[in-house]
Amino acid sequence: MTTPTLRALPPSTSFAAVKELVANTPLSEGLRSDVPGTMRPLARTFQDPAIWSAWGHLAHSQHASNR
């Protein structure tokens with residue numbers, strides 16, 4: 001992630017800008033692949049287009065089931 005990209009993100013506690021570098025915070029440490037109990041695979045699953053597509057059709061499915 002580049003510094004301009006970091007600046008474009010909303011203020012959060014996920015990443016920190018330290019001079020011209022981007023640093024992890026305790027919250028983003030859980031997304032690293034080299035830490036025990038990492039949440040990285042789950043986060044990568046949530047970015048899958050099939051997951052987004054399924055959630056995108058949720059309202060239609062709910063409406064169709066109420067008929």
# chains A, B, ... in the order shown; residues from 1 in each chain; ligands from 1
$ residues_around --residues "A:Pro41" --least-positions-apart "4" --cutoff "10 Å" --atoms "only C-alpha atoms" --output "ChimeraX atom specification"
/A:31-33,45-46
$ atom_distance --atom1 "atom CA of A:Pro26" --atom2 "atom CA of A:Leu42"
17.6 Å
